Amino acid sequence: MSDLQKKDRPDRLSVQPVVVDGVLVVTVHGEIDNDVKDVLSEALMSEGGARPPRIVADLSGVTFMDSSGINVFIAAQRRVSGAQGWLRIAGAQESVMRLLHLVGIDEIIPCHPTVEQALNA
């Protein structure tokens with residue numbers, strides 16, 4: 001699939017969703033903040049059930065994330081849980097992982113070192 005990018009700030013974030021064995025793997029590169037949160041949200045939570053309820057968010061290419069990203073992941077977790085699915089985070093860099101741990105997201109959304117480990121958990 002092609003990159004989904006914020007038109008006014010294309011260098012800030014790219015999101016590449018692909019389905020692997022029935023699991024949506026969303027590979028994210030760049031910075032996640034209020035300006036681009038809708039791009040991430042769209043990739044994780046498209047309307048109409050077009051996305052599988054099992055999602056791995058590959059954050060290995062994310063260099064910065066603020067509370068906007070946290071809110072997107074909480075909303076996605078709630079949505080997939082309601083559909084008997086799950087959300088897992090993979091490959092978060094140290095600075096992003098520190099934020100996830102600080103706000104307790106790692107307690108409600110499993111975090112794994114790699115996409116492969118997240119897919120096989």
# chains A, B, ... in the order shown; residues from 1 in each chain; ligands from 1

$ closest_atom_pairs --of "region 67-108 of chain A" --to "region 22-41 of chain A" --cutoff "12 Å" --atoms "only C-alpha atoms" --output "Markdown table"
| residue | atom | partner | partner_atom | distance |
| --- | --- | --- | --- | --- |
| A:Ser67 | CA | A:Asp33 | CA | 7.3 |
| A:Ser68 | CA | A:Asn34 | CA | 5.3 |
| A:Gly69 | CA | A:Ile32 | CA | 5.7 |
| A:Ile70 | CA | A:Ile32 | CA | 9.2 |
| A:Asn71 | CA | A:Lys37 | CA | 8.9 |
| A:Val72 | CA | A:Ser41 | CA | 5.8 |
| A:Phe73 | CA | A:Ser41 | CA | 8.1 |
| A:Ile74 | CA | A:Ser41 | CA | 10.5 |
| A:Ala75 | CA | A:Ser41 | CA | 8.6 |
| A:Ala76 | CA | A:Ser41 | CA | 7.7 |
| A:Gln77 | CA | A:Ser41 | CA | 11.3 |
| A:Arg79 | CA | A:Ser41 | CA | 11.4 |
| A:Val80 | CA | A:Leu24 | CA | 11.5 |
| A:Gly85 | CA | A:Val23 | CA | 9.9 |
| A:Trp86 | CA | A:Val23 | CA | 9.7 |
| A:Leu87 | CA | A:Leu24 | CA | 9.4 |
| A:Arg88 | CA | A:Val25 | CA | 9.5 |
| A:Ile89 | CA | A:Val26 | CA | 9.6 |
| A:Ala90 | CA | A:Thr27 | CA | 9.4 |
| A:Gly91 | CA | A:Thr27 | CA | 10.0 |
| A:Ala92 | CA | A:Val28 | CA | 10.2 |
| A:Gln93 | CA | A:His29 | CA | 11.3 |
| A:Ser95 | CA | A:Glu31 | CA | 11.8 |
| A:Val96 | CA | A:Ile32 | CA | 10.0 |

$ select_by_dssp --residues "region 20-110 of chain A" --states "strand (DSSP E or B)" --output "JSON list (two decimals) with C-alpha atoms, in the first residue's frame"
[["chain", "number", "residue", "atom", "x", "y", "z"],
["A", 20, "VAL", "CA", 0.24, -10.11, 7.41],
["A", 23, "VAL", "CA", -2.94, -9.09, 11.35],
["A", 24, "LEU", "CA", -2.72, -5.42, 10.42],
["A", 25, "VAL", "CA", 0.91, -4.32, 10.76],
["A", 26, "VAL", "CA", 1.18, -0.53, 10.74],
["A", 27, "THR", "CA", 4.77, 0.64, 10.24],
["A", 28, "VAL", "CA", 5.25, 4.21, 11.41],
["A", 29, "HIS", "CA", 8.19, 6.53, 10.69],
["A", 30, "GLY", "CA", 8.73, 10.05, 11.96],
["A", 31, "GLU", "CA", 7.16, 12.07, 14.73],
["A", 32, "ILE", "CA", 3.71, 11.53, 16.23],
["A", 54, "ARG", "CA", -5.64, -7.56, 15.46],
["A", 55, "ILE", "CA", -3.04, -4.84, 15.05],
["A", 56, "VAL", "CA", 0.72, -4.53, 15.52],
["A", 57, "ALA", "CA", 2.04, -0.96, 15.52],
["A", 58, "ASP", "CA", 5.69, -0.98, 14.48],
["A", 59, "LEU", "CA", 7.15, 2.12, 16.12],
["A", 60, "SER", "CA", 10.80, 1.35, 15.36],
["A", 61, "GLY", "CA", 10.94, 4.39, 13.07],
["A", 62, "VAL", "CA", 9.25, 6.80, 15.49],
["A", 63, "THR", "CA", 11.64, 9.38, 16.90],
["A", 64, "PHE", "CA", 9.15, 11.40, 18.95],
["A", 65, "MET", "CA", 5.65, 10.93, 20.34],
["A", 86, "TRP", "CA", -5.91, -6.84, 20.25],
["A", 87, "LEU", "CA", -3.31, -4.14, 19.73],
["A", 88, "ARG", "CA", 0.42, -4.65, 20.28],
["A", 89, "ILE", "CA", 3.30, -2.20, 20.00],
["A", 90, "ALA", "CA", 6.61, -3.32, 18.53]]

$ closest_residue --among "A:Leu44, A:Pro53, A:Asp66, A:Val19" --to "Leu100 (chain A)" --atoms "only C-alpha atoms"
A:Asp66

$ select_by_dssp --residues "region 52-97 of chain A" --states "alpha helix (DSSP H)" --output "ChimeraX atom specification"
/A:67-82,94-97

$ atom_distance --atom1 "CA of Asp106 (chain A)" --atom2 "CA of Arg78 (chain A)"
14.4 Å

$ closest_residue --among "A:Gln16, A:Glu107, A:Asp21, A:Asn120" --to "Glu42 (chain A)" --atoms "only C-alpha atoms"
A:Gln16

$ atom_distance --atom1 "CA of Met97 (chain A)" --atom2 "CA of His112 (chain A)"
10.2 Å

$ atom_distance --atom1 "CA of Val18 (chain A)" --atom2 "CA of Leu102 (chain A)"
29.3 Å
